[in-house]
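Asks: To be precise about what I am sending: the file is called final-v5.pdb and holds PDB, C-alpha atoms and all ligand atoms.
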```
ATOM      1  CA  MET A   1     131.027  99.144  77.725
ATOM      2  CA  PRO A   2     131.312  95.296  77.490
ATOM      3  CA  GLU A   3     127.973  93.586  76.734
ATOM      4  CA  LYS A   4     126.370  92.807  80.146
ATOM      5  CA  ASP A   5     126.099  88.991  80.478
ATOM      6  CA  LYS A   6     122.458  89.071  81.460
ATOM      7  CA  SER A   7     121.993  85.372  82.161
ATOM      8  CA  VAL A   8     124.315  84.983  85.130
ATOM      9  CA  ASN A   9     123.435  88.186  86.926
ATOM     10  CA  THR A  10     121.155  86.380  89.330
ATOM     11  CA  SER A  11     123.444  87.159  92.299
ATOM     12  CA  GLU A  12     122.764  90.849  91.708
ATOM     13  CA  LEU A  13     119.121  89.969  91.175
ATOM     14  CA  ARG A  14     118.966  88.186  94.538
ATOM     15  CA  GLY A  15     120.510  91.263  96.155
ATOM     16  CA  ARG A  16     117.983  93.529  94.477
ATOM     17  CA  LEU A  17     115.111  91.308  95.587
ATOM     18  CA  ARG A  18     116.321  91.277  99.179
ATOM     19  CA  GLU A  19     116.378  95.108  99.200
ATOM     20  CA  ALA A  20     113.254  95.683  97.087
ATOM     21  CA  ARG A  21     110.503  97.868  98.553
ATOM     22  CA  SER A  22     108.218  97.610  95.512
ATOM     23  CA  VAL A  23     108.100  94.767  92.972
ATOM     24  CA  PHE A  24     106.003  94.844  89.794
ATOM     25  CA  VAL A  25     105.296  91.749  87.679
ATOM     26  CA  LEU A  26     103.726  91.708  84.198
ATOM     27  CA  THR A  27     102.693  88.299  82.845
ATOM     28  CA  GLY A  28     101.508  87.039  79.471
ATOM     29  CA  ALA A  29     100.313  83.782  77.956
ATOM     30  CA  GLY A  30     103.679  82.108  78.565
ATOM     31  CA  VAL A  31     103.092  81.970  82.332
ATOM     32  CA  SER A  32     100.085  79.717  81.662
ATOM     33  CA  ALA A  33     101.726  77.616  78.926
ATOM     34  CA  GLU A  34     102.812  74.927  81.420
ATOM     35  CA  SER A  35      99.175  74.749  82.575
ATOM     36  CA  GLY A  36      98.169  73.750  79.043
ATOM     37  CA  VAL A  37      96.778  77.132  77.968
ATOM     38  CA  PRO A  38      97.782  77.679  74.309
ATOM     39  CA  THR A  39      99.900  80.787  73.721
ATOM     40  CA  PHE A  40      99.032  83.195  70.883
ATOM     41  CA  ARG A  41     102.312  83.347  69.069
ATOM     42  CA  GLY A  42     103.820  80.003  69.980
ATOM     43  CA  GLY A  43     106.296  79.034  67.234
ATOM     44  CA  GLY A  44     105.989  82.458  65.560
ATOM     45  CA  GLN A  45     102.494  81.757  64.183
ATOM     46  CA  ALA A  46      99.602  83.965  65.455
ATOM     47  CA  ALA A  47      96.712  81.843  66.712
ATOM     48  CA  VAL A  48      93.984  81.245  64.103
ATOM     49  CA  TRP A  49      90.405  80.064  64.802
ATOM     50  CA  LYS A  50      87.986  79.048  62.054
ATOM     51  CA  GLY A  51      90.431  80.647  59.595
ATOM     52  CA  MET A  52      90.423  83.999  61.434
ATOM     53  CA  PRO A  53      93.608  85.377  63.089
ATOM     54  CA  PHE A  54      92.856  85.946  66.764
ATOM     55  CA  GLU A  55      93.362  89.720  66.390
ATOM     56  CA  VAL A  56      90.338  89.642  64.030
ATOM     57  CA  ILE A  57      87.960  87.440  66.035
ATOM     58  CA  SER A  58      89.068  89.145  69.292
ATOM     59  CA  SER A  59      88.258  92.621  67.986
ATOM     60  CA  ALA A  60      85.716  95.316  68.900
ATOM     61  CA  GLU A  61      84.728  95.364  65.250
ATOM     62  CA  MET A  62      83.682  91.655  65.461
ATOM     63  CA  VAL A  63      81.429  92.350  68.482
ATOM     64  CA  GLY A  64      79.611  94.853  66.283
ATOM     65  CA  ARG A  65      79.494  92.489  63.301
ATOM     66  CA  ASP A  66      78.798  89.056  64.859
ATOM     67  CA  LEU A  67      78.441  88.918  68.670
ATOM     68  CA  LYS A  68      77.279  85.272  68.524
ATOM     69  CA  LEU A  69      80.516  84.275  66.766
ATOM     70  CA  VAL A  70      82.533  86.098  69.435
ATOM     71  CA  TRP A  71      80.697  84.058  72.068
ATOM     72  CA  ASP A  72      81.456  80.833  70.179
ATOM     73  CA  TRP A  73      85.178  81.808  70.217
ATOM     74  CA  PHE A  74      85.218  82.497  73.963
ATOM     75  CA  ASP A  75      83.067  79.426  74.724
ATOM     76  CA  TYR A  76      85.786  77.449  72.879
ATOM     77  CA  ARG A  77      88.524  79.241  74.898
ATOM     78  CA  ARG A  78      86.705  78.505  78.175
ATOM     79  CA  GLY A  79      86.371  74.859  77.096
ATOM     80  CA  VAL A  80      90.164  74.705  76.828
ATOM     81  CA  LEU A  81      90.669  76.570  80.124
ATOM     82  CA  GLN A  82      88.279  74.239  81.944
ATOM     83  CA  THR A  83      91.006  71.584  82.332
ATOM     84  CA  CYS A  84      93.868  73.983  83.134
ATOM     85  CA  ARG A  85      95.147  74.513  86.690
ATOM     86  CA  PRO A  86      97.759  76.903  88.032
ATOM     87  CA  ASN A  87     101.399  75.815  87.640
ATOM     88  CA  PRO A  88     104.487  76.470  89.855
ATOM     89  CA  ALA A  89     104.947  79.895  88.182
ATOM     90  CA  HIS A  90     101.482  81.007  89.329
ATOM     91  CA  ASP A  91     102.106  79.488  92.783
ATOM     92  CA  THR A  92     105.462  81.273  93.183
ATOM     93  CA  LEU A  93     103.994  84.662  92.227
ATOM     94  CA  ALA A  94     101.173  84.078  94.722
ATOM     95  CA  ARG A  95     103.775  83.459  97.447
ATOM     96  CA  TRP A  96     105.664  86.637  96.477
ATOM     97  CA  GLN A  97     102.669  88.868  97.267
ATOM     98  CA  THR A  98     103.633  88.770 100.979
ATOM     99  CA  ARG A  99     107.428  88.852 100.437
ATOM    100  CA  PHE A 100     107.703  92.571  99.629
ATOM    101  CA  PRO A 101     106.439  95.772 101.282
ATOM    102  CA  ARG A 102     104.606  96.403  97.999
ATOM    103  CA  PHE A 103     103.903  93.819  95.284
ATOM    104  CA  THR A 104     101.858  94.285  92.123
ATOM    105  CA  LEU A 105     100.841  91.557  89.695
ATOM    106  CA  ALA A 106      99.452  92.740  86.352
ATOM    107  CA  THR A 107      98.456  90.214  83.695
ATOM    108  CA  GLN A 108      97.408  90.204  80.076
ATOM    109  CA  ASN A 109      95.870  86.778  80.643
ATOM    110  CA  ILE A 110      92.112  86.348  80.823
ATOM    111  CA  ASP A 111      92.326  82.784  82.262
ATOM    112  CA  GLY A 112      91.987  83.688  85.960
ATOM    113  CA  LEU A 113      94.787  81.269  86.945
ATOM    114  CA  HIS A 114      96.710  83.808  89.041
ATOM    115  CA  ALA A 115      93.683  84.326  91.291
ATOM    116  CA  GLU A 116      93.097  80.573  91.390
ATOM    117  CA  ALA A 117      96.680  80.170  92.647
ATOM    118  CA  GLY A 118      95.897  82.552  95.520
ATOM    119  CA  SER A 119      97.054  85.906  94.117
ATOM    120  CA  HIS A 120      94.900  88.792  95.368
ATOM    121  CA  GLY A 121      94.200  92.113  93.626
ATOM    122  CA  VAL A 122      95.541  90.899  90.275
ATOM    123  CA  LEU A 123      95.355  93.750  87.740
ATOM    124  CA  GLU A 124      93.578  92.040  84.824
ATOM    125  CA  LEU A 125      94.624  94.421  82.042
ATOM    126  CA  HIS A 126      92.614  92.581  79.375
ATOM    127  CA  GLY A 127      89.667  91.404  81.460
ATOM    128  CA  ASN A 128      88.564  87.876  82.333
ATOM    129  CA  ALA A 129      87.083  85.129  80.136
ATOM    130  CA  TRP A 130      84.828  83.909  82.979
ATOM    131  CA  ARG A 131      82.934  87.217  83.132
ATOM    132  CA  ALA A 132      80.211  88.696  80.893
ATOM    133  CA  ARG A 133      79.295  92.405  80.696
ATOM    134  CA  CYS A 134      75.985  93.908  79.551
ATOM    135  CA  LEU A 135      76.271  96.050  76.428
ATOM    136  CA  ASN A 136      73.363  98.161  77.701
ATOM    137  CA  CYS A 137      73.765  98.690  81.462
ATOM    138  CA  GLY A 138      77.349  97.472  81.950
ATOM    139  CA  SER A 139      76.516  95.075  84.771
ATOM    140  CA  ARG A 140      78.730  92.022  85.051
ATOM    141  CA  GLU A 141      77.897  88.355  85.614
ATOM    142  CA  ASP A 142      79.923  85.158  85.969
ATOM    143  CA  VAL A 143      79.486  83.325  82.652
ATOM    144  CA  ARG A 144      79.143  80.028  84.572
ATOM    145  CA  GLU A 145      75.920  81.406  86.098
ATOM    146  CA  THR A 146      74.401  82.254  82.709
ATOM    147  CA  ASP A 147      72.350  79.751  80.678
ATOM    148  CA  ALA A 148      74.965  78.218  78.339
ATOM    149  CA  GLY A 149      72.195  77.517  75.838
ATOM    150  CA  VAL A 150      71.435  81.218  75.406
ATOM    151  CA  ARG A 151      74.103  83.034  73.368
ATOM    152  CA  PRO A 152      74.544  85.976  73.645
ATOM    153  CA  PRO A 153      73.474  85.725  77.305
ATOM    154  CA  ILE A 154      70.686  88.108  78.386
ATOM    155  CA  CYS A 155      71.413  90.589  81.189
ATOM    156  CA  ARG A 156      69.408  89.738  84.326
ATOM    157  CA  ALA A 157      69.427  93.406  85.365
ATOM    158  CA  CYS A 158      68.057  95.052  82.188
ATOM    159  CA  GLY A 159      67.402  92.358  79.581
ATOM    160  CA  GLY A 160      70.205  93.688  77.382
ATOM    161  CA  LEU A 161      72.664  91.584  75.382
ATOM    162  CA  MET A 162      75.888  90.603  77.140
ATOM    163  CA  ARG A 163      79.415  90.408  75.717
ATOM    164  CA  PRO A 164      82.605  88.750  77.065
ATOM    165  CA  ASP A 165      84.166  91.042  79.723
ATOM    166  CA  VAL A 166      87.524  91.075  77.969
ATOM    167  CA  VAL A 167      89.406  93.939  76.271
ATOM    168  CA  LEU A 168      89.343  93.332  72.541
ATOM    169  CA  PHE A 169      91.687  94.789  69.917
ATOM    170  CA  GLY A 170      90.774  98.393  69.244
ATOM    171  CA  GLU A 171      89.315  98.801  72.712
ATOM    172  CA  ILE A 172      90.814 100.801  75.553
ATOM    173  CA  LEU A 173      91.807  99.054  78.774
ATOM    174  CA  PRO A 174      89.696  99.545  81.950
ATOM    175  CA  GLU A 175      90.870 102.971  83.114
ATOM    176  CA  ASP A 176      91.132 102.212  86.839
ATOM    177  CA  VAL A 177      93.149  99.053  86.196
ATOM    178  CA  TRP A 178      95.430 100.798  83.668
ATOM    179  CA  VAL A 179      96.093 103.850  85.839
ATOM    180  CA  GLU A 180      97.010 101.646  88.826
ATOM    181  CA  ALA A 181      99.269  99.416  86.720
ATOM    182  CA  ALA A 182     101.062 102.386  85.154
ATOM    183  CA  GLU A 183     101.576 104.024  88.564
ATOM    184  CA  ARG A 184     102.862 100.836  90.178
ATOM    185  CA  ALA A 185     105.189 100.035  87.272
ATOM    186  CA  ALA A 186     106.683 103.522  87.333
ATOM    187  CA  THR A 187     107.378 103.323  91.095
ATOM    188  CA  SER A 188     108.823  99.815  91.241
ATOM    189  CA  ASP A 189     112.397  98.855  92.274
ATOM    190  CA  VAL A 190     112.312  95.547  90.430
ATOM    191  CA  CYS A 191     110.085  94.740  87.437
ATOM    192  CA  PHE A 192     109.613  91.196  86.114
ATOM    193  CA  VAL A 193     108.299  90.474  82.602
ATOM    194  CA  VAL A 194     107.198  86.853  82.512
ATOM    195  CA  GLY A 195     105.983  84.917  79.476
ATOM    196  CA  THR A 196     105.050  87.703  77.107
ATOM    197  CA  SER A 197     106.122  88.431  73.503
ATOM    198  CA  ALA A 198     105.723  92.128  74.439
ATOM    199  CA  ILE A 199     104.030  92.987  71.133
ATOM    200  CA  VAL A 200     100.598  94.089  72.309
ATOM    201  CA  TYR A 201     100.226  97.700  73.529
ATOM    202  CA  PRO A 202      99.717  99.473  75.804
ATOM    203  CA  ALA A 203     100.602  96.528  78.139
ATOM    204  CA  ALA A 204     104.069  96.095  76.586
ATOM    205  CA  GLY A 205     104.826  99.705  77.510
ATOM    206  CA  LEU A 206     104.654  99.023  81.268
ATOM    207  CA  PRO A 207     108.124  97.416  81.626
ATOM    208  CA  VAL A 208     109.603 100.235  79.536
ATOM    209  CA  ALA A 209     108.033 102.784  81.898
ATOM    210  CA  ALA A 210     109.424 100.851  84.866
ATOM    211  CA  MET A 211     112.923 100.742  83.344
ATOM    212  CA  ARG A 212     112.811 104.453  82.555
ATOM    213  CA  ALA A 213     111.864 105.124  86.186
ATOM    214  CA  GLY A 214     114.970 103.222  87.323
ATOM    215  CA  ALA A 215     113.588  99.752  87.999
ATOM    216  CA  PHE A 216     115.839  96.686  87.681
ATOM    217  CA  LEU A 217     114.247  94.869  84.733
ATOM    218  CA  VAL A 218     114.137  91.067  84.605
ATOM    219  CA  GLU A 219     112.743  88.971  81.737
ATOM    220  CA  VAL A 220     111.688  85.331  82.170
ATOM    221  CA  ASN A 221     111.126  83.772  78.744
ATOM    222  CA  PRO A 222     112.672  80.875  76.836
ATOM    223  CA  GLU A 223     112.864  83.167  73.798
ATOM    224  CA  GLU A 224     114.208  86.617  72.948
ATOM    225  CA  THR A 225     111.604  89.419  72.851
ATOM    226  CA  PRO A 226     111.666  93.121  71.860
ATOM    227  CA  LEU A 227     112.208  93.866  75.583
ATOM    228  CA  SER A 228     115.281  91.641  76.015
ATOM    229  CA  GLU A 229     117.740  94.334  74.994
ATOM    230  CA  ILE A 230     116.608  96.738  77.741
ATOM    231  CA  CYS A 231     116.591  94.100  80.503
ATOM    232  CA  ASP A 232     119.229  93.925  83.262
ATOM    233  CA  VAL A 233     118.752  90.172  83.562
ATOM    234  CA  THR A 234     117.207  87.692  81.106
ATOM    235  CA  LEU A 235     116.371  84.265  82.550
ATOM    236  CA  ARG A 236     115.971  81.999  79.507
ATOM    237  CA  GLY A 237     113.715  79.190  80.563
ATOM    238  CA  ALA A 238     110.167  78.151  81.387
ATOM    239  CA  ALA A 239     108.529  80.299  84.070
ATOM    240  CA  GLY A 240     107.318  77.218  85.967
ATOM    241  CA  GLU A 241     110.939  76.086  86.329
ATOM    242  CA  VAL A 242     112.760  79.417  86.660
ATOM    243  CA  LEU A 243     110.552  81.311  89.155
ATOM    244  CA  PRO A 244     110.392  78.603  91.895
ATOM    245  CA  ARG A 245     114.219  78.417  91.789
ATOM    246  CA  LEU A 246     114.575  82.178  92.394
ATOM    247  CA  GLU A 247     115.041  82.000  96.129
ATOM    248  CA  PHE A 248     116.232  85.195  97.906
TER
HETATM  249  C1  LIG A 301      94.156  99.907  72.463
HETATM  250  C2  LIG A 301      92.082  89.689  75.359
HETATM  251  C3  LIG A 301      93.390 102.191  72.361
HETATM  252  C4  LIG A 301      91.284  89.033  74.292
HETATM  253  C5  LIG A 301      93.971  90.807  74.243
HETATM  254  C6  LIG A 301     100.914 100.722  69.342
HETATM  255  C7  LIG A 301     101.665 100.115  68.393
HETATM  256  C8  LIG A 301     101.076  99.110  67.591
HETATM  257  C9  LIG A 301      99.744  98.717  67.758
HETATM  258  C10 LIG A 301      99.001  99.325  68.708
HETATM  259  C11 LIG A 301      99.575 100.319  69.475
HETATM  260  N1  LIG A 301      98.624 100.735  70.316
HETATM  261  C12 LIG A 301      97.481 100.050  70.098
HETATM  262  C13 LIG A 301      97.691  99.184  69.114
HETATM  263  C14 LIG A 301      96.746  98.276  68.611
HETATM  264  C15 LIG A 301      96.705  96.953  69.439
HETATM  265  C16 LIG A 301      98.026  96.227  69.414
HETATM  266  O1  LIG A 301      98.840  96.311  70.325
HETATM  267  N2  LIG A 301      98.209  95.439  68.353
HETATM  268  C17 LIG A 301      99.416  94.571  68.261
HETATM  269  C18 LIG A 301      98.990  93.259  67.628
HETATM  270  C19 LIG A 301     100.485  95.232  67.485
HETATM  271  N3  LIG A 301      96.348  97.233  70.835
HETATM  272  C20 LIG A 301      95.018  97.340  71.126
HETATM  273  O2  LIG A 301      94.134  97.264  70.316
HETATM  274  C21 LIG A 301      94.712  97.589  72.597
HETATM  275  N4  LIG A 301      93.775  98.668  72.712
HETATM  276  O3  LIG A 301      95.264 100.200  72.104
HETATM  277  O4  LIG A 301      93.122 100.816  72.655
HETATM  278  C22 LIG A 301      93.098 102.251  70.956
HETATM  279  C23 LIG A 301      91.778 102.139  70.586
HETATM  280  C24 LIG A 301      91.516 102.277  69.231
HETATM  281  C25 LIG A 301      92.552 102.353  68.265
HETATM  282  C26 LIG A 301      93.892 102.428  68.698
HETATM  283  C27 LIG A 301      94.168 102.405  70.052
HETATM  284  C28 LIG A 301      94.007  96.371  73.236
HETATM  285  C29 LIG A 301      94.916  95.200  73.282
HETATM  286  C30 LIG A 301      94.268  94.053  74.085
HETATM  287  C31 LIG A 301      93.650  93.029  73.177
HETATM  288  N5  LIG A 301      93.211  91.860  73.932
HETATM  289  N6  LIG A 301      93.499  89.756  74.963
HETATM  290  C32 LIG A 301      91.736  87.602  73.987
HETATM  291  O5  LIG A 301      92.490  87.035  74.814
HETATM  292  O6  LIG A 301      91.282  87.072  72.970
HETATM  293  S1  LIG A 301      95.611  90.821  73.707
HETATM  294  C33 LIG A 301      96.164  89.157  73.908
HETATM  295  O7  LIG A 301      97.255  89.043  73.011
HETATM  296  C34 LIG A 301      96.742  88.832  75.273
HETATM  297  O8  LIG A 301      96.013  89.389  76.323
HETATM  298  C35 LIG A 301      98.164  89.409  75.165
HETATM  299  O9  LIG A 301      98.177  90.778  75.447
HETATM  300  C36 LIG A 301      98.483  89.203  73.693
HETATM  301  C37 LIG A 301      99.273  87.939  73.487
HETATM  302  O10 LIG A 301     100.575  88.225  73.912
HETATM  303  P1  LIG A 301     101.286  87.287  75.022
HETATM  304  O11 LIG A 301     100.390  87.122  76.209
HETATM  305  O12 LIG A 301     102.617  87.827  75.210
HETATM  306  O13 LIG A 301     101.318  85.836  74.309
HETATM  307  P2  LIG A 301     102.207  85.384  73.044
HETATM  308  O14 LIG A 301     101.694  84.065  72.639
HETATM  309  O15 LIG A 301     102.312  86.481  72.041
HETATM  310  O16 LIG A 301     103.689  85.205  73.669
HETATM  311  C38 LIG A 301     103.904  84.196  74.630
HETATM  312  C39 LIG A 301     105.339  84.399  75.108
HETATM  313  O17 LIG A 301     105.568  83.469  76.168
HETATM  314  C40 LIG A 301     106.391  84.148  74.024
HETATM  315  O18 LIG A 301     107.390  85.157  74.097
HETATM  316  C41 LIG A 301     106.980  82.784  74.421
HETATM  317  O19 LIG A 301     108.364  82.694  74.109
HETATM  318  C42 LIG A 301     106.782  82.803  75.937
HETATM  319  N7  LIG A 301     106.653  81.479  76.565
HETATM  320  C43 LIG A 301     106.143  80.340  76.030
HETATM  321  N8  LIG A 301     106.173  79.346  76.982
HETATM  322  C44 LIG A 301     106.680  79.902  78.130
HETATM  323  C45 LIG A 301     106.982  81.271  77.866
HETATM  324  N9  LIG A 301     107.494  82.094  78.793
HETATM  325  C46 LIG A 301     107.737  81.573  80.035
HETATM  326  N10 LIG A 301     107.459  80.267  80.368
HETATM  327  C47 LIG A 301     106.939  79.416  79.461
HETATM  328  N11 LIG A 301     106.688  78.151  79.806
END
```
Can you turn what I pasted into structure tokens?
Ligand code: BV8
Replies:
Amino acid sequence: MPEKDKSVNTSELRGRLREARSVFVLTGAGVSAESGVPTFRGGGQAAVWKGMPFEVISSAEMVGRDLKLVWDWFDYRRGVLQTCRPNPAHDTLARWQTRFPRFTLATQNIDGLHAEAGSHGVLELHGNAWRARCLNCGSREDVRETDAGVRPPICRACGGLMRPDVVLFGEILPEDVWVEAAERAATSDVCFVVGTSAIVYPAAGLPVAAMRAGAFLVEVNPEETPLSEICDVTLRGAAGEVLPRLEF
């Protein structure tokens, strides 16, 4: 079976998009790269902060060991995000939400840029950097409404300590969000994987589940990833340039 030339198959892709009843999109840090949000594995190096690989500082174990340091890390991340606005990739995906009978956008990103671009019901698989959650009662607050001088913030409901409302390494994903994402991926006609190195699980398993259920799998990424070999189409380029051009 000759090697499928995956880059030029956009005519079939356009056909699939015109017929699609259910489209599922999984995004990663790459979709926000053109907004100025640093990726984690840009250039093959895992992000490091104060000498700690991000998988260490962004871990459940670190919340137990040094919650204040975890807040410093996410205060730094929010400082970077402050100046970042959605880019044409976010805008295009927001437009797509009304183009299909069913459309699902799941993201590994905690930057909130999809929602800022107008996407509704985004499945935030790894939480959101702008939210805090009480370790005691579980109630959530917008970090921007907490006193930035008090770290960790104190829960207004019960006086407990709050933590960033993000999923850290070694922590399970929010069950309701995960179950919906897995169901939608497994019942999609077309599945896009945009701007992810597809290394972190269980998120990286969603496109595989979609492919196994018969979905037409499309990767948008300037680089090869572990998912490239199972894709029907690979669009090698920046999401902010490739997605707006995908008219159908
Ligand atoms: C869990 C929030 C149950 C915090 C994040 C199975 C096998 C191996 C390991 C595991 C496994 N199952 C579980 C694990 C452990 C672990 C894991 O996957 N480890 C990895 C490192 C191997 N998973 C977990 O711990 C998960 N929990 O499994 O719980 C459990 C419990 C106990 C014990 C065992 C199991 C929780 C994972 C979630 C962690 N939280 N984020 C924070 O942000 O700090 S993960 C974080 O890293 C992101 O959310 C994202 O998921 C990941 C980074 O990946 P990407 O987003 O893809 O970014 P990256 O930089 O890597 O790649 C960018 C890509 O974009 C590149 O390909 C680049 O080419 C491309 N690009 C660049 N520019 C552009 C572009 N593309 C398009 N356009 C551009 N312009």
Asks: Go through A:Cys155, A:Val37, A:Leu123, A:Val167 and flag the residue nearest A:Arg78, using only C-alpha atoms for the distances.
Replies: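 When distances to A:Arg78 are compared using only C-alpha atoms, the smallest one comes from A:Val37.
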Asks: Please provide as a ChimeraX atom specification all residues within 7 Å of stretch 85-99 of chain A, with the sequence filter that same-chain residues fewer than 6 positions apart are discarded (counting all atoms listed in the file).
Replies: /A:31,34-35,113-114,116-119,239-240,243-244
Asks: Just so the selection is clear, what residues does the PyMOL selection byres (((chain A and resi 126) around 8) and not hetatm) cover here, as a short mmCIF file (atom, residue, chain, number, x, y, z; two decimals) with C-alpha atoms, in the coordinates of the input?
Replies:
```cif
data_model
loop_
_atom_site.label_atom_id
_atom_site.label_comp_id
_atom_site.auth_asym_id
_atom_site.auth_seq_id
_atom_site.Cartn_x
_atom_site.Cartn_y
_atom_site.Cartn_z
CA THR A 107 98.46 90.21 83.70
CA GLN A 108 97.41 90.20 80.08
CA ASN A 109 95.87 86.78 80.64
CA ILE A 110 92.11 86.35 80.82
CA GLU A 124 93.58 92.04 84.82
CA LEU A 125 94.62 94.42 82.04
CA GLY A 127 89.67 91.40 81.46
CA ASN A 128 88.56 87.88 82.33
CA VAL A 166 87.52 91.08 77.97
CA VAL A 167 89.41 93.94 76.27
CA LEU A 168 89.34 93.33 72.54
CA LEU A 173 91.81 99.05 78.77
CA PRO A 174 89.70 99.54 81.95
#
```
Asks: Could you list, as number ranges by chain, all protein and nucleic acid residues with an atom at most 7 Å from ligand LIG 301 (chain A), counting all atoms listed in the file?
Replies: A: 28-31, 33-34, 39-42, 54-55, 58, 108-110, 126-127, 166-173, 194-203, 220-223, 225, 237-240
Asks: Just so the selection is clear, what residues does the PyMOL selection byres (((chain A and resi 159) around 12) and not hetatm) cover here, as a list of chain:residue names?
Replies: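 In the shown coordinates, the PyMOL selection byres (((chain A and resi 159) around 12) and not hetatm) covers A:Arg133, A:Cys134, A:Leu135, A:Asn136, A:Cys137, A:Gly138, A:Ser139, A:Pro152, A:Pro153, A:Ile154, A:Cys155, A:Arg156, A:Ala157, A:Cys158, A:Gly160, A:Leu161, A:Met162.
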Asks: So what do you get for atom CA of A:Ala209 versus atom CA of A:Glu19, distance-wise?
Replies: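 One can read the atom CA of A:Ala209 to atom CA of A:Glu19 distance as 20.7 Å.
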Asks: With all atoms listed in the file as the atoms that count, which of A:Tyr76, A:Phe248, A:Trp178, A:Trp49 lies nearest to A:Gly15?
Replies: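 So, comparing all the options, the nearest one is A:Phe248.
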Asks: Report, in Å with one decimal, the straight-line distance from atom CA of A:Phe216 to atom CA of A:Cys191.
Replies: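 About the pair atom CA of A:Phe216 and atom CA of A:Cys191: they are 6.1 Å apart.
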Asks: Point out the residue among A:Val122, A:Met211, A:Met52, A:Val193 with the least atom-to-atom distance to A:Val177, counting only C-alpha atoms.
Replies: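 Of A:Val122, A:Met211, A:Met52, A:Val193, the one nearest A:Val177, counting only C-alpha atoms, is A:Val122.
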Asks: Can you tell me how far atom CA of A:Phe103 sits from atom CA of A:Glu247, in Å to one decimal?
Replies: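 Spanning atom CA of A:Phe103 to atom CA of A:Glu247 is a straight-line distance of 16.3 Å.
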Asks: Skipping near chain neighbours, those fewer than 2 positions away, what residues fall within 8 Å of A:Lys68 using only C-alpha atoms, listed as a list in words?
Replies: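 My list of contacting residues is Asp66, Val70, Trp71, Asp72, Arg151 and Pro152 of chain A.
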Asks: Contacts of A:Val218 at 12 Å or less, counting all atoms listed in the file, minus same-chain residues fewer than 5 places along, as a ChimeraX atom specification?
Replies: /A:6-10,12-14,16-17,23-27,189-195,207-208,210-211,227-236,242-243,246
Asks: Only C-alpha atoms, please: the residues just picked out, written as a PDB file, keeping the file's coordinate frame.
Replies:
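For reference, selection.pdb as written:
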```pdb
ATOM      1  CA  LYS A   6     122.458  89.071  81.460  1.00  0.00           C
ATOM      2  CA  SER A   7     121.993  85.372  82.161  1.00  0.00           C
ATOM      3  CA  VAL A   8     124.315  84.983  85.130  1.00  0.00           C
ATOM      4  CA  ASN A   9     123.435  88.186  86.926  1.00  0.00           C
ATOM      5  CA  THR A  10     121.155  86.380  89.330  1.00  0.00           C
ATOM      6  CA  GLU A  12     122.764  90.849  91.708  1.00  0.00           C
ATOM      7  CA  LEU A  13     119.121  89.969  91.175  1.00  0.00           C
ATOM      8  CA  ARG A  14     118.966  88.186  94.538  1.00  0.00           C
ATOM      9  CA  ARG A  16     117.983  93.529  94.477  1.00  0.00           C
ATOM     10  CA  LEU A  17     115.111  91.308  95.587  1.00  0.00           C
ATOM     11  CA  VAL A  23     108.100  94.767  92.972  1.00  0.00           C
ATOM     12  CA  PHE A  24     106.003  94.844  89.794  1.00  0.00           C
ATOM     13  CA  VAL A  25     105.296  91.749  87.679  1.00  0.00           C
ATOM     14  CA  LEU A  26     103.726  91.708  84.198  1.00  0.00           C
ATOM     15  CA  THR A  27     102.693  88.299  82.845  1.00  0.00           C
ATOM     16  CA  ASP A 189     112.397  98.855  92.274  1.00  0.00           C
ATOM     17  CA  VAL A 190     112.312  95.547  90.430  1.00  0.00           C
ATOM     18  CA  CYS A 191     110.085  94.740  87.437  1.00  0.00           C
ATOM     19  CA  PHE A 192     109.613  91.196  86.114  1.00  0.00           C
ATOM     20  CA  VAL A 193     108.299  90.474  82.602  1.00  0.00           C
ATOM     21  CA  VAL A 194     107.198  86.853  82.512  1.00  0.00           C
ATOM     22  CA  GLY A 195     105.983  84.917  79.476  1.00  0.00           C
ATOM     23  CA  PRO A 207     108.124  97.416  81.626  1.00  0.00           C
ATOM     24  CA  VAL A 208     109.603 100.235  79.536  1.00  0.00           C
ATOM     25  CA  ALA A 210     109.424 100.851  84.866  1.00  0.00           C
ATOM     26  CA  MET A 211     112.923 100.742  83.344  1.00  0.00           C
ATOM     27  CA  LEU A 227     112.208  93.866  75.583  1.00  0.00           C
ATOM     28  CA  SER A 228     115.281  91.641  76.015  1.00  0.00           C
ATOM     29  CA  GLU A 229     117.740  94.334  74.994  1.00  0.00           C
ATOM     30  CA  ILE A 230     116.608  96.738  77.741  1.00  0.00           C
ATOM     31  CA  CYS A 231     116.591  94.100  80.503  1.00  0.00           C
ATOM     32  CA  ASP A 232     119.229  93.925  83.262  1.00  0.00           C
ATOM     33  CA  VAL A 233     118.752  90.172  83.562  1.00  0.00           C
ATOM     34  CA  THR A 234     117.207  87.692  81.106  1.00  0.00           C
ATOM     35  CA  LEU A 235     116.371  84.265  82.550  1.00  0.00           C
ATOM     36  CA  ARG A 236     115.971  81.999  79.507  1.00  0.00           C
ATOM     37  CA  VAL A 242     112.760  79.417  86.660  1.00  0.00           C
ATOM     38  CA  LEU A 243     110.552  81.311  89.155  1.00  0.00           C
ATOM     39  CA  LEU A 246     114.575  82.178  92.394  1.00  0.00           C
TER      40      LEU A 246
END
```
